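Colleague: You'll find start-v3.cif just under this line, and it carries mmCIF, C-alpha atoms.
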```cif
data_work
#
loop_
_atom_site.group_PDB
_atom_site.id
_atom_site.type_symbol
_atom_site.label_atom_id
_atom_site.label_comp_id
_atom_site.auth_asym_id
_atom_site.auth_seq_id
_atom_site.Cartn_x
_atom_site.Cartn_y
_atom_site.Cartn_z
ATOM 1 C CA MET Z 1 -77.203 9.707 68.480
ATOM 2 C CA SER Z 2 -76.502 11.457 65.168
ATOM 3 C CA SER Z 3 -79.744 12.299 63.382
ATOM 4 C CA GLY Z 4 -78.773 14.279 60.272
ATOM 5 C CA GLU Z 5 -79.896 12.965 56.931
ATOM 6 C CA VAL Z 6 -77.189 11.246 54.897
ATOM 7 C CA TYR Z 7 -76.810 11.673 51.140
ATOM 8 C CA VAL Z 8 -75.136 9.099 48.908
ATOM 9 C CA VAL Z 9 -74.161 10.628 45.580
ATOM 10 C CA ASP Z 10 -73.109 8.630 42.527
ATOM 11 C CA ARG Z 11 -71.531 10.842 39.886
ATOM 12 C CA VAL Z 12 -70.938 9.011 36.644
ATOM 13 C CA ILE Z 13 -69.297 10.249 33.467
ATOM 14 C CA THR Z 14 -70.772 7.987 30.844
ATOM 15 C CA ARG Z 15 -68.997 6.791 27.757
ATOM 16 C CA PRO Z 16 -69.951 8.775 24.638
ATOM 17 C CA GLY Z 17 -73.493 8.028 23.548
ATOM 18 C CA ARG Z 18 -74.218 5.638 26.460
ATOM 19 C CA ALA Z 19 -75.926 7.907 28.999
ATOM 20 C CA LYS Z 20 -79.508 6.809 28.337
ATOM 21 C CA GLU Z 21 -78.459 3.180 28.423
ATOM 22 C CA PHE Z 22 -76.665 3.772 31.719
ATOM 23 C CA VAL Z 23 -79.612 5.502 33.358
ATOM 24 C CA ASP Z 24 -81.974 2.737 32.243
ATOM 25 C CA ALA Z 25 -79.619 0.064 33.556
ATOM 26 C CA TYR Z 26 -79.169 1.904 36.855
ATOM 27 C CA LEU Z 27 -82.877 2.389 37.436
ATOM 28 C CA SER Z 28 -83.839 -1.155 36.491
ATOM 29 C CA GLY Z 29 -80.810 -3.104 37.735
ATOM 30 C CA TYR Z 30 -79.468 -1.180 40.716
ATOM 31 C CA ALA Z 31 -82.197 1.028 42.169
ATOM 32 C CA PRO Z 32 -84.656 -1.665 43.345
ATOM 33 C CA GLY Z 33 -82.011 -3.337 45.506
ATOM 34 C CA ALA Z 34 -80.886 0.002 46.892
ATOM 35 C CA VAL Z 35 -84.457 0.800 47.904
ATOM 36 C CA ASP Z 36 -84.680 -2.602 49.603
ATOM 37 C CA ARG Z 37 -81.568 -1.698 51.612
ATOM 38 C CA GLY Z 38 -83.225 1.450 52.920
ATOM 39 C CA MET Z 39 -82.137 4.140 50.476
ATOM 40 C CA THR Z 40 -84.569 6.656 49.030
ATOM 41 C CA LEU Z 41 -83.938 7.943 45.531
ATOM 42 C CA ARG Z 42 -83.867 11.748 45.586
ATOM 43 C CA ASN Z 43 -83.140 12.409 41.909
ATOM 44 C CA VAL Z 44 -81.248 11.413 38.778
ATOM 45 C CA LEU Z 45 -79.741 14.405 36.984
ATOM 46 C CA VAL Z 46 -78.276 14.355 33.487
ATOM 47 C CA SER Z 47 -75.874 17.058 32.353
ATOM 48 C CA PRO Z 48 -76.203 18.449 29.854
ATOM 49 C CA PRO Z 49 -79.816 17.345 29.514
ATOM 50 C CA ILE Z 50 -79.309 15.941 26.031
ATOM 51 C CA TRP Z 51 -78.932 12.279 25.089
ATOM 52 C CA PHE Z 52 -75.689 12.763 23.192
ATOM 53 C CA THR Z 53 -74.850 10.159 20.588
ATOM 54 C CA ASP Z 54 -71.134 10.912 20.401
ATOM 55 C CA ARG Z 55 -70.232 12.679 23.649
ATOM 56 C CA SER Z 56 -70.200 11.925 27.344
ATOM 57 C CA ASN Z 57 -72.813 13.039 29.828
ATOM 58 C CA VAL Z 58 -72.492 13.482 33.558
ATOM 59 C CA VAL Z 59 -75.164 11.588 35.469
ATOM 60 C CA THR Z 60 -75.588 12.488 39.128
ATOM 61 C CA ILE Z 61 -77.767 10.204 41.226
ATOM 62 C CA THR Z 62 -78.614 11.223 44.765
ATOM 63 C CA TRP Z 63 -79.930 8.905 47.459
ATOM 64 C CA THR Z 64 -80.870 9.709 51.012
ATOM 65 C CA LEU Z 65 -80.875 7.799 54.287
ATOM 66 C CA PRO Z 66 -82.418 9.100 57.496
ATOM 67 C CA ASN Z 67 -79.234 9.024 59.602
ATOM 68 C CA PRO Z 68 -75.743 7.456 59.896
ATOM 69 C CA ARG Z 69 -77.124 4.369 61.643
ATOM 70 C CA ALA Z 70 -79.306 3.723 58.582
ATOM 71 C CA TRP Z 71 -76.237 4.197 56.372
ATOM 72 C CA TRP Z 72 -74.395 1.462 58.314
ATOM 73 C CA GLU Z 73 -77.388 -0.854 58.151
ATOM 74 C CA MET Z 74 -77.551 -0.297 54.406
ATOM 75 C CA THR Z 75 -73.868 -0.995 53.840
ATOM 76 C CA TRP Z 76 -73.828 -4.018 56.178
ATOM 77 C CA ARG Z 77 -76.528 -5.512 53.966
ATOM 78 C CA SER Z 78 -74.781 -4.689 50.710
ATOM 79 C CA ARG Z 79 -71.209 -5.564 51.589
ATOM 80 C CA PRO Z 80 -71.485 -9.350 51.798
ATOM 81 C CA ASP Z 81 -73.433 -9.458 48.519
ATOM 82 C CA PRO Z 82 -71.008 -10.150 45.665
ATOM 83 C CA ALA Z 83 -73.756 -9.352 43.147
ATOM 84 C CA LEU Z 84 -73.397 -5.629 43.870
ATOM 85 C CA GLY Z 85 -69.736 -5.426 42.966
ATOM 86 C CA GLN Z 86 -70.502 -7.578 39.948
ATOM 87 C CA TRP Z 87 -73.278 -5.190 38.924
ATOM 88 C CA TRP Z 88 -70.843 -2.273 38.834
ATOM 89 C CA THR Z 89 -68.353 -4.400 36.906
ATOM 90 C CA GLY Z 90 -71.090 -5.423 34.494
ATOM 91 C CA ILE Z 91 -71.886 -1.856 33.459
ATOM 92 C CA ALA Z 92 -68.231 -0.846 33.054
ATOM 93 C CA ASP Z 93 -68.703 -0.520 29.288
ATOM 94 C CA LEU Z 94 -71.134 2.347 29.886
ATOM 95 C CA VAL Z 95 -68.918 4.248 32.316
ATOM 96 C CA GLU Z 96 -65.935 6.467 31.617
ATOM 97 C CA GLU Z 97 -65.337 7.196 35.293
ATOM 98 C CA ARG Z 98 -67.359 7.479 38.445
ATOM 99 C CA THR Z 99 -67.280 8.533 42.071
ATOM 100 C CA ARG Z 100 -69.420 7.755 45.077
ATOM 101 C CA THR Z 101 -69.436 10.330 47.849
ATOM 102 C CA VAL Z 102 -71.329 10.535 51.111
ATOM 103 C CA ALA Z 103 -72.509 13.928 52.295
ATOM 104 C CA ALA Z 104 -74.848 15.837 54.583
ATOM 105 C CA ALA Z 105 -76.507 19.242 54.634
ATOM 106 C CA ALA Z 106 -74.159 21.996 55.793
ATOM 107 C CA GLY Z 107 -76.519 22.755 58.639
ATOM 108 C CA ASP Z 108 -76.172 19.190 59.954
ATOM 109 C CA VAL Z 109 -72.372 18.966 59.930
ATOM 110 C CA ASP Z 110 -71.757 20.178 63.474
ATOM 111 C CA ALA Z 111 -74.398 17.883 64.932
ATOM 112 C CA LEU Z 112 -73.143 14.888 62.965
ATOM 113 C CA CYS Z 113 -69.587 15.456 64.172
ATOM 114 C CA ASP Z 114 -70.707 15.853 67.773
ATOM 115 C CA VAL Z 115 -70.541 12.182 68.670
ATOM 116 C CA MET H 1 -41.372 -3.405 69.908
ATOM 117 C CA PHE H 2 -42.579 -6.593 68.261
ATOM 118 C CA ASP H 3 -46.268 -7.465 68.356
ATOM 119 C CA LEU H 4 -48.191 -10.679 67.826
ATOM 120 C CA THR H 5 -51.963 -10.973 67.470
ATOM 121 C CA ARG H 6 -53.992 -14.163 67.344
ATOM 122 C CA LEU H 7 -57.766 -14.444 67.022
ATOM 123 C CA ILE H 8 -58.629 -17.922 68.189
ATOM 124 C CA HIS H 9 -61.798 -19.676 67.080
ATOM 125 C CA LEU H 10 -62.704 -22.553 69.360
ATOM 126 C CA SER H 11 -64.285 -25.821 68.332
ATOM 127 C CA SER H 12 -67.817 -26.484 69.460
ATOM 128 C CA GLY H 13 -67.779 -27.674 73.055
ATOM 129 C CA ALA H 14 -64.203 -26.567 73.735
ATOM 130 C CA ASP H 15 -63.291 -25.486 77.252
ATOM 131 C CA ARG H 16 -62.842 -21.748 76.716
ATOM 132 C CA ASP H 17 -61.702 -20.950 80.230
ATOM 133 C CA GLY H 18 -59.243 -23.833 80.157
ATOM 134 C CA VAL H 19 -57.723 -22.586 76.893
ATOM 135 C CA LEU H 20 -57.590 -19.033 78.274
ATOM 136 C CA ASN H 21 -55.714 -20.208 81.359
ATOM 137 C CA GLU H 22 -53.269 -22.275 79.350
ATOM 138 C CA ILE H 23 -52.488 -19.362 77.030
ATOM 139 C CA ARG H 24 -52.078 -16.962 79.947
ATOM 140 C CA THR H 25 -49.643 -19.346 81.580
ATOM 141 C CA VAL H 26 -47.427 -19.882 78.537
ATOM 142 C CA THR H 27 -47.375 -16.204 77.525
ATOM 143 C CA ALA H 28 -46.279 -14.903 80.915
ATOM 144 C CA GLY H 29 -42.792 -14.319 79.499
ATOM 145 C CA ALA H 30 -43.973 -11.685 77.040
ATOM 146 C CA GLU H 31 -43.350 -8.009 77.769
ATOM 147 C CA HIS H 32 -47.113 -7.568 77.734
ATOM 148 C CA ALA H 33 -49.900 -10.080 77.239
ATOM 149 C CA LEU H 34 -53.595 -9.482 76.660
ATOM 150 C CA VAL H 35 -55.499 -12.777 76.622
ATOM 151 C CA GLN H 36 -59.239 -12.213 76.860
ATOM 152 C CA PRO H 37 -62.509 -13.672 75.647
ATOM 153 C CA THR H 38 -63.933 -11.602 72.806
ATOM 154 C CA LEU H 39 -67.089 -9.604 73.419
ATOM 155 C CA PRO H 40 -70.416 -10.043 71.613
ATOM 156 C CA GLY H 41 -70.462 -8.187 68.304
ATOM 157 C CA VAL H 42 -67.120 -9.247 66.863
ATOM 158 C CA ARG H 43 -67.165 -10.159 63.187
ATOM 159 C CA ASN H 44 -64.805 -12.925 62.127
ATOM 160 C CA GLY H 45 -63.131 -12.071 65.418
ATOM 161 C CA GLY H 46 -62.827 -15.423 67.146
ATOM 162 C CA ASP H 47 -63.602 -16.484 70.710
ATOM 163 C CA ILE H 48 -60.298 -15.523 72.333
ATOM 164 C CA LEU H 49 -58.190 -12.500 71.503
ATOM 165 C CA VAL H 50 -54.463 -12.697 72.159
ATOM 166 C CA HIS H 51 -52.177 -9.697 71.825
ATOM 167 C CA LEU H 52 -48.566 -10.131 72.878
ATOM 168 C CA ARG H 53 -45.798 -7.591 72.887
ATOM 169 C CA PHE H 54 -42.132 -8.485 72.966
ATOM 170 C CA ASP H 55 -39.030 -6.379 73.401
ATOM 171 C CA ASN H 56 -37.313 -8.341 70.669
ATOM 172 C CA PHE H 57 -37.450 -11.455 68.504
ATOM 173 C CA ASP H 58 -35.481 -13.492 71.078
ATOM 174 C CA GLN H 59 -38.181 -12.889 73.657
ATOM 175 C CA ARG H 60 -40.801 -13.954 71.131
ATOM 176 C CA ALA H 61 -38.820 -17.121 70.404
ATOM 177 C CA SER H 62 -38.656 -17.970 74.103
ATOM 178 C CA VAL H 63 -42.470 -17.953 74.296
ATOM 179 C CA ALA H 64 -43.168 -19.362 70.851
ATOM 180 C CA ALA H 65 -42.774 -23.089 71.334
ATOM 181 C CA GLU H 66 -45.197 -23.479 74.231
ATOM 182 C CA PHE H 67 -47.621 -20.904 72.884
ATOM 183 C CA ASP H 68 -47.723 -22.513 69.448
ATOM 184 C CA SER H 69 -48.247 -25.879 71.087
ATOM 185 C CA VAL H 70 -51.227 -24.648 73.114
ATOM 186 C CA ILE H 71 -52.905 -23.024 70.134
ATOM 187 C CA SER H 72 -52.453 -26.183 68.085
ATOM 188 C CA SER H 73 -54.683 -28.167 70.430
ATOM 189 C CA PRO H 74 -57.787 -29.954 69.082
ATOM 190 C CA GLY H 75 -60.096 -27.484 70.848
ATOM 191 C CA ILE H 76 -59.042 -24.780 68.406
ATOM 192 C CA ARG H 77 -60.527 -24.922 64.923
ATOM 193 C CA HIS H 78 -59.141 -21.769 63.284
ATOM 194 C CA ILE H 79 -56.719 -18.921 63.920
ATOM 195 C CA ASP H 80 -56.275 -15.578 62.215
ATOM 196 C CA GLY H 81 -53.277 -13.540 63.193
ATOM 197 C CA ALA H 82 -50.316 -11.378 62.407
ATOM 198 C CA GLU H 83 -46.851 -10.444 63.618
ATOM 199 C CA TYR H 84 -45.614 -6.915 63.149
ATOM 200 C CA LEU H 85 -43.428 -4.091 64.409
ATOM 201 C CA GLY H 86 -45.750 -1.594 66.031
ATOM 202 C CA THR H 87 -45.475 2.015 67.097
ATOM 203 C CA PRO H 88 -48.259 2.848 69.544
ATOM 204 C CA HIS H 89 -49.734 6.317 70.044
ATOM 205 C CA ARG H 90 -51.537 7.311 73.199
ATOM 206 C CA GLY H 91 -53.741 10.391 73.466
ATOM 207 C CA ALA H 92 -55.461 9.756 76.778
ATOM 208 C CA PRO H 93 -54.872 7.693 79.922
ATOM 209 C CA HIS H 94 -56.139 4.161 80.195
ATOM 210 C CA SER H 95 -59.657 3.955 81.549
ATOM 211 C CA ALA H 96 -61.182 1.380 83.841
ATOM 212 C CA ASP H 97 -63.793 0.356 81.241
ATOM 213 C CA ALA H 98 -61.327 0.246 78.363
ATOM 214 C CA VAL H 99 -61.921 -1.993 75.364
ATOM 215 C CA TYR H 100 -59.156 -3.124 73.033
ATOM 216 C CA ARG H 101 -60.111 -3.543 69.397
ATOM 217 C CA THR H 102 -58.115 -4.962 66.506
ATOM 218 C CA LEU H 103 -58.823 -5.006 62.791
ATOM 219 C CA LEU H 104 -56.987 -7.387 60.496
ATOM 220 C CA LEU H 105 -57.275 -6.503 56.841
ATOM 221 C CA ARG H 106 -55.724 -7.335 53.518
ATOM 222 C CA ILE H 107 -55.125 -4.774 50.821
ATOM 223 C CA ALA H 108 -55.752 -6.176 47.357
ATOM 224 C CA PRO H 109 -52.591 -7.393 45.656
ATOM 225 C CA GLY H 110 -51.303 -4.975 43.050
ATOM 226 C CA THR H 111 -52.511 -1.836 44.845
ATOM 227 C CA GLN H 112 -50.177 1.045 44.046
ATOM 228 C CA ASP H 113 -47.821 2.210 46.808
ATOM 229 C CA ASP H 114 -49.158 5.772 46.786
ATOM 230 C CA THR H 115 -52.700 4.448 47.165
ATOM 231 C CA VAL H 116 -51.633 2.339 50.153
ATOM 232 C CA ALA H 117 -49.984 5.411 51.683
ATOM 233 C CA GLN H 118 -53.178 7.445 51.208
ATOM 234 C CA PHE H 119 -55.233 4.667 52.784
ATOM 235 C CA GLU H 120 -52.929 4.566 55.813
ATOM 236 C CA GLU H 121 -53.046 8.335 56.132
ATOM 237 C CA ASP H 122 -56.839 8.233 56.104
ATOM 238 C CA LEU H 123 -56.943 5.548 58.808
ATOM 239 C CA ARG H 124 -54.746 7.744 60.981
ATOM 240 C CA LEU H 125 -57.421 10.448 60.798
ATOM 241 C CA LEU H 126 -59.834 8.362 62.864
ATOM 242 C CA PRO H 127 -58.117 8.896 66.239
ATOM 243 C CA ARG H 128 -57.969 12.646 65.543
ATOM 244 C CA PHE H 129 -61.725 12.886 65.213
ATOM 245 C CA VAL H 130 -62.959 10.224 67.625
ATOM 246 C CA PRO H 131 -62.112 11.230 71.199
ATOM 247 C CA ALA H 132 -63.235 7.837 72.524
ATOM 248 C CA ILE H 133 -59.994 6.395 71.109
ATOM 249 C CA ASN H 134 -57.456 6.592 73.926
ATOM 250 C CA ALA H 135 -54.627 4.895 72.050
ATOM 251 C CA TRP H 136 -54.003 3.375 68.645
ATOM 252 C CA GLN H 137 -51.487 1.677 66.412
ATOM 253 C CA LEU H 138 -51.441 1.062 62.660
ATOM 254 C CA SER H 139 -48.956 -1.529 61.469
ATOM 255 C CA ARG H 140 -47.928 -3.311 58.336
ATOM 256 C CA VAL H 141 -47.792 -7.057 58.813
ATOM 257 C CA GLU H 142 -44.492 -8.943 58.764
ATOM 258 C CA SER H 143 -46.069 -12.395 58.767
ATOM 259 C CA ALA H 144 -49.672 -13.565 58.798
ATOM 260 C CA VAL H 145 -51.723 -16.670 59.506
ATOM 261 C CA GLY H 146 -55.352 -17.430 58.774
ATOM 262 C CA SER H 147 -57.953 -16.924 56.112
ATOM 263 C CA VAL H 148 -55.883 -14.588 53.937
ATOM 264 C CA PRO H 149 -52.409 -13.038 54.091
ATOM 265 C CA TRP H 150 -53.286 -9.984 56.171
ATOM 266 C CA THR H 151 -51.344 -6.847 55.246
ATOM 267 C CA HIS H 152 -52.332 -4.446 58.047
ATOM 268 C CA VAL H 153 -53.365 -4.420 61.685
ATOM 269 C CA PHE H 154 -55.248 -1.389 63.006
ATOM 270 C CA GLU H 155 -55.630 -1.418 66.793
ATOM 271 C CA GLN H 156 -57.303 0.930 69.201
ATOM 272 C CA GLU H 157 -58.001 1.215 72.880
ATOM 273 C CA PHE H 158 -61.411 2.763 73.468
ATOM 274 C CA ALA H 159 -62.450 4.448 76.677
ATOM 275 C CA SER H 160 -65.421 2.066 76.825
ATOM 276 C CA LEU H 161 -67.446 -0.324 74.717
ATOM 277 C CA ASP H 162 -69.869 2.512 73.975
ATOM 278 C CA GLY H 163 -66.997 4.427 72.398
ATOM 279 C CA LEU H 164 -66.485 1.651 69.871
ATOM 280 C CA THR H 165 -70.124 1.012 69.059
ATOM 281 C CA GLY H 166 -71.198 4.668 69.194
ATOM 282 C CA PRO H 167 -68.838 7.545 68.343
ATOM 283 C CA TYR H 168 -66.388 5.433 66.337
ATOM 284 C CA LEU H 169 -69.107 4.210 64.009
ATOM 285 C CA MET H 170 -71.177 7.362 63.948
ATOM 286 C CA HIS H 171 -68.561 10.015 63.240
ATOM 287 C CA PRO H 172 -68.671 11.147 59.586
ATOM 288 C CA VAL H 173 -64.926 10.660 59.249
ATOM 289 C CA HIS H 174 -65.673 6.923 59.374
ATOM 290 C CA TRP H 175 -68.801 6.441 57.236
ATOM 291 C CA ALA H 176 -68.376 9.387 54.860
ATOM 292 C CA PHE H 177 -64.621 9.289 54.336
ATOM 293 C CA VAL H 178 -62.514 6.334 55.466
ATOM 294 C CA ASP H 179 -65.016 3.619 54.708
ATOM 295 C CA ARG H 180 -64.749 4.118 50.948
ATOM 296 C CA TRP H 181 -61.588 1.993 50.972
ATOM 297 C CA PHE H 182 -63.649 -0.947 52.298
ATOM 298 C CA ASP H 183 -66.849 -0.462 50.285
ATOM 299 C CA PRO H 184 -67.116 -2.603 47.150
ATOM 300 C CA GLU H 185 -69.526 -0.027 45.727
ATOM 301 C CA CYS H 186 -66.869 2.693 45.808
ATOM 302 C CA PRO H 187 -64.290 2.833 43.025
ATOM 303 C CA GLU H 188 -61.555 3.448 45.620
ATOM 304 C CA VAL H 189 -62.102 0.050 47.307
ATOM 305 C CA ILE H 190 -58.847 -1.785 48.059
ATOM 306 C CA VAL H 191 -59.932 -3.995 50.982
ATOM 307 C CA ARG H 192 -61.943 -6.678 49.219
ATOM 308 C CA ASP H 193 -61.498 -9.662 51.532
ATOM 309 C CA ARG H 194 -63.565 -10.100 54.639
ATOM 310 C CA VAL H 195 -61.852 -8.355 57.553
ATOM 311 C CA CYS H 196 -61.433 -9.575 61.136
ATOM 312 C CA HIS H 197 -63.012 -7.145 63.596
ATOM 313 C CA SER H 198 -62.397 -8.282 67.151
ATOM 314 C CA PHE H 199 -62.503 -6.671 70.587
ATOM 315 C CA CYS H 200 -62.320 -7.517 74.257
ATOM 316 C CA ARG H 201 -62.008 -5.995 77.691
ATOM 317 C CA CYS H 202 -58.656 -4.429 78.329
ATOM 318 C CA PRO H 203 -57.785 -4.395 82.056
ATOM 319 C CA SER H 204 -54.410 -2.700 81.543
ATOM 320 C CA PRO H 205 -52.920 -0.558 78.746
ATOM 321 C CA VAL H 206 -51.962 -2.463 75.611
ATOM 322 C CA LEU H 207 -50.879 0.347 73.296
ATOM 323 C CA SER H 208 -48.404 2.422 75.278
ATOM 324 C CA PRO H 209 -45.276 3.989 73.797
ATOM 325 C CA GLY H 210 -41.936 2.784 75.116
#
```
As structure tokens, how would this structure be written, given the file I've shared?
Modeller:
Amino acid sequence: MSSGEVYVVDRVITRPGRAKEFVDAYLSGYAPGAVDRGMTLRNVLVSPPIWFTDRSNVVTITWTLPNPRAWWEMTWRSRPDPALGQWWTGIADLVEERTRTVAAAAGDVDALCDV
Amino acid sequence: MFDLTRLIHLSSGADRDGVLNEIRTVTAGAEHALVQPTLPGVRNGGDILVHLRFDNFDQRASVAAEFDSVISSPGIRHIDGAEYLGTPHRGAPHSADAVYRTLLLRIAPGTQDDTVAQFEEDLRLLPRFVPAINAWQLSRVESAVGSVPWTHVFEQEFASLDGLTGPYLMHPVHWAFVDRWFDPECPEVIVRDRVCHSFCRCPSPVLSPG
């Protein structure tokens, strides 16, 4: 069974002047549920590290899960819950654009692909 | 080739084996017929999986009346299904423990054509990276029945049940790449309706070219 740690990375370009508001909303409204689903918050990075009032910031939030099986268990719990999609829709005013990517350490790639 | 898939949900107390036998009898005229009970673990996948292949529409019509009559019986409470023109791809011989799996999905209305094409291209990556897939077929739906108007059918033959529940799920191409189209937390999501994920034993090849 694959054992490499899995990283879930949300990269959000916030609307000008809304970065602090976004981070607060994410940590209070999204993070507790994510933790309940088995994700561990690695860090929340803000670039540049200035709360701009008239420019965008890039916020990068990194979560970890112990392995791919845990990733599936997390997503199987989240997928039927319409509140999650609604949460992302609800903070659309704070977000210019965003991505969610799933990654692993370079040293784990070969083992993860050896299924 | 012309394909027909039906996922049959039985009413409580229905005679599953009786329905299976009736369907097998009336579909004997198809070019190929897979009529099997689904295996534990299906999601929205029904109790009986039917996959029929016809050489042409006339052959389908010759089977249709009796087949449609059988699956309209009171013992059947719901059916999801699709009809489509399929082009199967086989990368390895059929195995004795083979499992046939089908996924019915609906792409959200209004999705741009180039996005649909990218989605289809990504799905086609799965058989390249998952050696447990012996054969596969990705098709756009011509006509659909059931919960929603399904737009695509993605079928595979796995070497074994372990291939479906292990390597197929655990390869990064699935969870770290293709799944974003299905994940409501990803901005790329285009499959918003609940999918039908169904599978069964597959005693003979289902997805074989020509």
Colleague: With only C-alpha atoms as the atoms that count, which of H:Arg101, H:Arg194, H:Arg24, H:His32 lies nearest to Thr165 in chain H?
Modeller: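 Looking only at the distances to Thr165 in chain H, the closest residue turns out to be H:Arg101.
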Colleague: Taking into account all atoms listed in the file, which residue in the set Z:Met39, Z:Arg18, Z:Thr53, Z:Val23 is nearest to Pro68 in chain Z?
Modeller: Z:Met39
Colleague: List, as a CSV table (one decimal) with C-alpha atoms, in the frame of the given file, every residue that the PyMOL selection byres ((chain Z) within 10 of (chain H)) selects in the file provided.
Modeller:
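This is the output file selection-v5.csv:
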```
chain,number,residue,atom,x,y,z
Z,1,MET,CA,-77.2,9.7,68.5
Z,2,SER,CA,-76.5,11.5,65.2
Z,3,SER,CA,-79.7,12.3,63.4
Z,6,VAL,CA,-77.2,11.2,54.9
Z,7,TYR,CA,-76.8,11.7,51.1
Z,8,VAL,CA,-75.1,9.1,48.9
Z,10,ASP,CA,-73.1,8.6,42.5
Z,67,ASN,CA,-79.2,9.0,59.6
Z,68,PRO,CA,-75.7,7.5,59.9
Z,69,ARG,CA,-77.1,4.4,61.6
Z,71,TRP,CA,-76.2,4.2,56.4
Z,72,TRP,CA,-74.4,1.5,58.3
Z,75,THR,CA,-73.9,-1.0,53.8
Z,76,TRP,CA,-73.8,-4.0,56.2
Z,78,SER,CA,-74.8,-4.7,50.7
Z,79,ARG,CA,-71.2,-5.6,51.6
Z,80,PRO,CA,-71.5,-9.4,51.8
Z,81,ASP,CA,-73.4,-9.5,48.5
Z,82,PRO,CA,-71.0,-10.2,45.7
Z,84,LEU,CA,-73.4,-5.6,43.9
Z,85,GLY,CA,-69.7,-5.4,43.0
Z,86,GLN,CA,-70.5,-7.6,39.9
Z,87,TRP,CA,-73.3,-5.2,38.9
Z,88,TRP,CA,-70.8,-2.3,38.8
Z,89,THR,CA,-68.4,-4.4,36.9
Z,97,GLU,CA,-65.3,7.2,35.3
Z,98,ARG,CA,-67.4,7.5,38.4
Z,99,THR,CA,-67.3,8.5,42.1
Z,100,ARG,CA,-69.4,7.8,45.1
Z,101,THR,CA,-69.4,10.3,47.8
Z,102,VAL,CA,-71.3,10.5,51.1
Z,103,ALA,CA,-72.5,13.9,52.3
Z,104,ALA,CA,-74.8,15.8,54.6
Z,109,VAL,CA,-72.4,19.0,59.9
Z,111,ALA,CA,-74.4,17.9,64.9
Z,112,LEU,CA,-73.1,14.9,63.0
Z,113,CYS,CA,-69.6,15.5,64.2
Z,114,ASP,CA,-70.7,15.9,67.8
Z,115,VAL,CA,-70.5,12.2,68.7
```
Colleague: Just the residues within 6 Å of range 83-96 of chain H, please, counting only C-alpha atoms, with nothing from its chain fewer than 6 positions along; format it as a list in words.
Modeller: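 Result of the neighbour search: Met1, Phe2, Asp3, Leu4, Asn134, Ala135, Trp136, Gln137, Ser139, Val141, Glu142, Ser143, Ala159, Pro205, Leu207, Ser208 and Pro209 of chain H.
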Colleague: Evaluate the PyMOL selection byres ((chain H and resi 106-108) around 7) here and jot the selected residues down as a list in words.
Modeller: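 Taken over the shown coordinates, the PyMOL selection byres ((chain H and resi 106-108) around 7) returns Leu105, Pro109, Gly110, Thr111, Pro149, Trp150, Thr151, His152, Ile190, Val191, Arg192 and Asp193 of chain H.
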Colleague: Please provide as a short mmCIF file (atom, residue, chain, number, x, y, z; two decimals) with C-alpha atoms, in the frame of the given file all residues within 8 Å of Val35 in chain H, with the sequence filter that same-chain residues fewer than 6 positions apart are discarded (counting only C-alpha atoms).
Modeller:
```cif
data_model
loop_
_atom_site.label_atom_id
_atom_site.label_comp_id
_atom_site.auth_asym_id
_atom_site.auth_seq_id
_atom_site.Cartn_x
_atom_site.Cartn_y
_atom_site.Cartn_z
CA LEU H 20 -57.59 -19.03 78.27
CA ILE H 23 -52.49 -19.36 77.03
CA ARG H 24 -52.08 -16.96 79.95
CA ILE H 48 -60.30 -15.52 72.33
CA LEU H 49 -58.19 -12.50 71.50
CA VAL H 50 -54.46 -12.70 72.16
CA HIS H 51 -52.18 -9.70 71.82
#
```
